[in-house]
Amino acid sequence: MSETQRIALTVNGVRHEKDVEPRLLLADFLRETLGLTGTHLGCEHGVCGACTVLLNGDSVRSCLTFAAQLDGAEIETVESLGRVDQLNDLQQAFREHGALQCGFCTPGMLMTSIDLLNKYPLASDAEIREGLSGNLCRCTGYQHIVDALRAVVKARNGGAT
Amino acid sequence: MKPPAFKYVAASSVEEAVSVLAEHEGDAKVIAGGQSLVPMLNFRLLSPAVLVDLNRIAGLDGVEENEGGLRIGALTRHRVLETSPLVEARFPVLNAAMQYVAHLAIRNRGTIGGSLSHADPAAELPTMALLLDAEIEVQGSGERRSIPAAAFFDGALMTVLEEDEIVTEIRLPAPPADEGWAFQEFARRSGDFGIAGVGVTLGRSGKIVSSVRIALLGVGQTPLRAAAAEAVLVGETPDADVIGAAVEAARDAAEPEDDLHGSADYRRHLVGVLARRTIETAWRRASGEAAEETK
């Protein structure tokens with residue numbers, strides 16, 4: 001093992017100080033070091049989007065980021081959203097629209113959607129589809145995910161489309 | 001897979017990063033956004049002894065006005081270029097090209113210096129650097145030097161950078177006033193690397209094309225200028241015959257190869273289609289028309 005790097009960072013509002021091997025991916029840091037297994041690791045080369053988390057508010061691939069780079073960072077994962085008995089509006093919309101089946105892609109879909117909702121008007125389905133195009137889902141055929149996101153956009157705009 | 005072990009250095013200055021690169025004589029790699037490098041590490045296509053992280057170096061990012069053109073720090077993220085009002089105002093063709101770059105999570109991390117250094121001929125920023133005649137500022141152990149984009153790319157994923165050199169800044173010279181422009185790219189899925197793409201900037205004087213630059217994406221070992229197609233257009237009124245001849249010349253300028261995503265013939269065909277659309281659109285925009293893109 002190569003020499004470790006001391007990092008102090010905040011994950012879902014909780015501060016952690018850890019010694020990490022430089023090659024430790026953020027995804028593995030979250031899953032293995034912190035036990036936050038909500039973040040899923042699919043392709044490990046930035047294509048599938050399952051491992052998407054927020055880094056200082058921006059969506060990033062946690063399989064393409066090293067934990068050692070993140071001293072001082074703020075990370076949010078799917079665990080920062082609602083709880084099982086109290087889903088947030090995005091999770092609730094996914095549930096109501098059947099926007100998941102096996103659930104493997106769902107954490108990445110949710111964290112990507114949060115960043116999309118923050119940065120784009122998502123006025124059309126085409127824009128939603130474009131925004132989600134970096135997240136692969138093998139179950140739903142995407143239509144129900146688009147429906148869920150459109151419902152959130154509408155609700156957050158006070159019911160207007 | 002998981003990446004091989006390496007030593008990690010978070011450089012606090014370009015000089016420090018350069019000295020680590022020089023010390024390790026080709027066995028150290030620079031990491032900026034990491035969006036091309038980390039997949040290669042995870043696949044174990046690369047196993048550097050040391051990774052030098054540029055992300056902590058102050059002042060290496062940002063978009064600034066520069067004599068009518070722009071200075072873009074090497075660490076500037078794609079997302080910043082995508083949303084920069086300065087880029088949109090000065091170089092609308094670059095703004096248009098940024099809309100094709102990968103996906104939001106990649107654009108949030110990826111950097112212009114990284115994209116140019118990685119030198120994928122199917123990536124948008126190398127093509128834009130060539131189209132817009134960028135000067136690429138480089139720092140190594142020796143003198144700083146400035147490399148024109150036309151001399152920077154040296155083959156697929158190859159540049160003329162020495163092993164201790166780092167891209168620090170990209171300068172785009174001021175474009176002529178009222179220039180028309182267009183960029184179109186074809187990919188099978190949104191955000192994928194383009195199978196082919198064409199960028200055009202075009203100046204107009206009355207009824208003739210006074211200047212034009214045409215760059216091709218994804219159809220050669222590097223981004224390519226279609227110089228013969230440019231020569232067909234300059235000094236002419238772009239009627240159907242002239243545009244037809246320019247399209248033919250652009251197709252001839254492409255040097256495509258067969259791969260999984262498309263045959264060489266298919267790529268050459270796409271260059272023709274996209275060249276026609278972009279030349280027509282750029283001409284209309286140069287005429288002050290609020291041009292709908294030719295589809």
# chains A, B, ... in the order shown; residues from 1 in each chain; ligands from 1

$ select_by_dssp --residues "stretch 40-262 of chain B" --states "helix (DSSP H, G or I)" --output "PyMOL selection string"
chain B and resi 40-42+78-83+85-90+92-98+104-107+112-118+124-131+149-152+227-233+240-253

$ residues_around --residues "A:Asp147" --least-positions-apart "6" --cutoff "9 Å" --atoms "only C-alpha atoms" --output "ChimeraX atom specification"
/A:93-94,97,99,125

$ residues_around --residues "A:Gln5" --least-positions-apart "3" --cutoff "8 Å" --atoms "only C-alpha atoms" --output "list in words"
Asp19, Val20, Glu21, Pro22 and Ala68 of chain A

$ residues_around --residues "A:Leu81" --least-positions-apart "3" --cutoff "12 Å" --atoms "only C-alpha atoms" --output "list in words"
Asn12, Gly13, Gly38, Val53, Leu54, Glu76, Thr77, Val78, Val84, Asp85, Gln86, Leu87, Asn88, Asp89, Leu90, Gln91, Gln92, Pro107, Leu110, Met111 and Ile114 of chain A

$ write_last_selection --atoms "C-alpha atoms" --output "PDB file, in the first residue's frame"
ATOM      1  CA  ASN A  12     -24.260  14.476   4.235  1.00  0.00           C
ATOM      2  CA  GLY A  13     -23.545  17.077   6.905  1.00  0.00           C
ATOM      3  CA  GLY A  38     -26.653   3.939  -1.258  1.00  0.00           C
ATOM      4  CA  VAL A  53     -23.060  12.193  -6.085  1.00  0.00           C
ATOM      5  CA  LEU A  54     -22.870  15.912  -5.379  1.00  0.00           C
ATOM      6  CA  GLU A  76     -23.981  14.664  -0.658  1.00  0.00           C
ATOM      7  CA  THR A  77     -25.178  11.177  -1.466  1.00  0.00           C
ATOM      8  CA  VAL A  78     -28.600   9.620  -1.934  1.00  0.00           C
ATOM      9  CA  VAL A  84     -37.961   5.453   3.811  1.00  0.00           C
ATOM     10  CA  ASP A  85     -40.949   6.715   5.775  1.00  0.00           C
ATOM     11  CA  GLN A  86     -40.535  10.285   4.549  1.00  0.00           C
ATOM     12  CA  LEU A  87     -39.431  10.485   0.947  1.00  0.00           C
ATOM     13  CA  ASN A  88     -38.492  13.847  -0.509  1.00  0.00           C
ATOM     14  CA  ASP A  89     -40.503  15.220  -3.435  1.00  0.00           C
ATOM     15  CA  LEU A  90     -38.184  13.756  -6.075  1.00  0.00           C
ATOM     16  CA  GLN A  91     -38.153  10.304  -4.489  1.00  0.00           C
ATOM     17  CA  GLN A  92     -41.924  10.463  -4.043  1.00  0.00           C
ATOM     18  CA  PRO A 107     -29.301   6.757  -6.669  1.00  0.00           C
ATOM     19  CA  LEU A 110     -31.830  11.025  -8.208  1.00  0.00           C
ATOM     20  CA  MET A 111     -28.545  12.844  -7.613  1.00  0.00           C
ATOM     21  CA  ILE A 114     -31.131  17.285  -8.273  1.00  0.00           C
TER      22      ILE A 114
END

$ interface_residues --of "chain B" --to "chain A" --cutoff "12 Å" --atoms "only C-alpha atoms" --output "ChimeraX atom specification"
/B:1-11,31-44,47-56,77,79,82-83,99-110,188-193

$ closest_residue --among "B:Gly26, B:Gly288, B:Gly203, B:Gly114" --to "B:Leu233" --atoms "only C-alpha atoms"
B:Gly203

$ select_by_dssp --residues "stretch 39-263 of chain B" --states "strand (DSSP E or B)" --output "number ranges by chain"
B: 50-53, 63-66, 69-73, 77, 111, 135-139, 145-148, 153, 159, 166-172, 180-186, 196-205, 208-217, 224-225, 234, 259, 262

$ residues_around --residues "B:Gln221" --least-positions-apart "3" --cutoff "10 Å" --atoms "only C-alpha atoms" --output "number ranges by chain"
B: 119-122, 153-158, 217-218, 224, 255-257

$ residues_around --residues "B:Ile243" --least-positions-apart "6" --cutoff "9 Å" --atoms "only C-alpha atoms" --output "tab-separated table (two decimals) with C-alpha atoms, in the first residue's frame"
chain	number	residue	atom	x	y	z
B	229	ALA	CA	-13.00	23.54	-48.84
B	232	VAL	CA	-13.34	26.92	-52.69
B	233	LEU	CA	-15.54	29.34	-50.73
B	276	ARG	CA	-23.38	21.54	-46.10
B	279	ILE	CA	-21.70	26.29	-44.24
B	280	GLU	CA	-25.28	27.28	-45.13

$ residues_around --residues "stretch 57-73 of chain B" --least-positions-apart "4" --cutoff "9 Å" --atoms "only C-alpha atoms" --output "ChimeraX atom specification"
/B:10-14,53,77,80-81,84,86-87,90-91,111-113,167-175

$ atom_distance --atom1 "atom CA of A:Leu149" --atom2 "atom CA of A:Asn56"
22.5 Å

$ atom_distance --atom1 "atom CA of A:Ile145" --atom2 "atom CA of A:Gly98"
7.7 Å

$ closest_residue --among "B:Ala74, B:Val30, B:Ala253, B:Ala182" --to "B:Glu137" --atoms "only C-alpha atoms"
B:Ala74
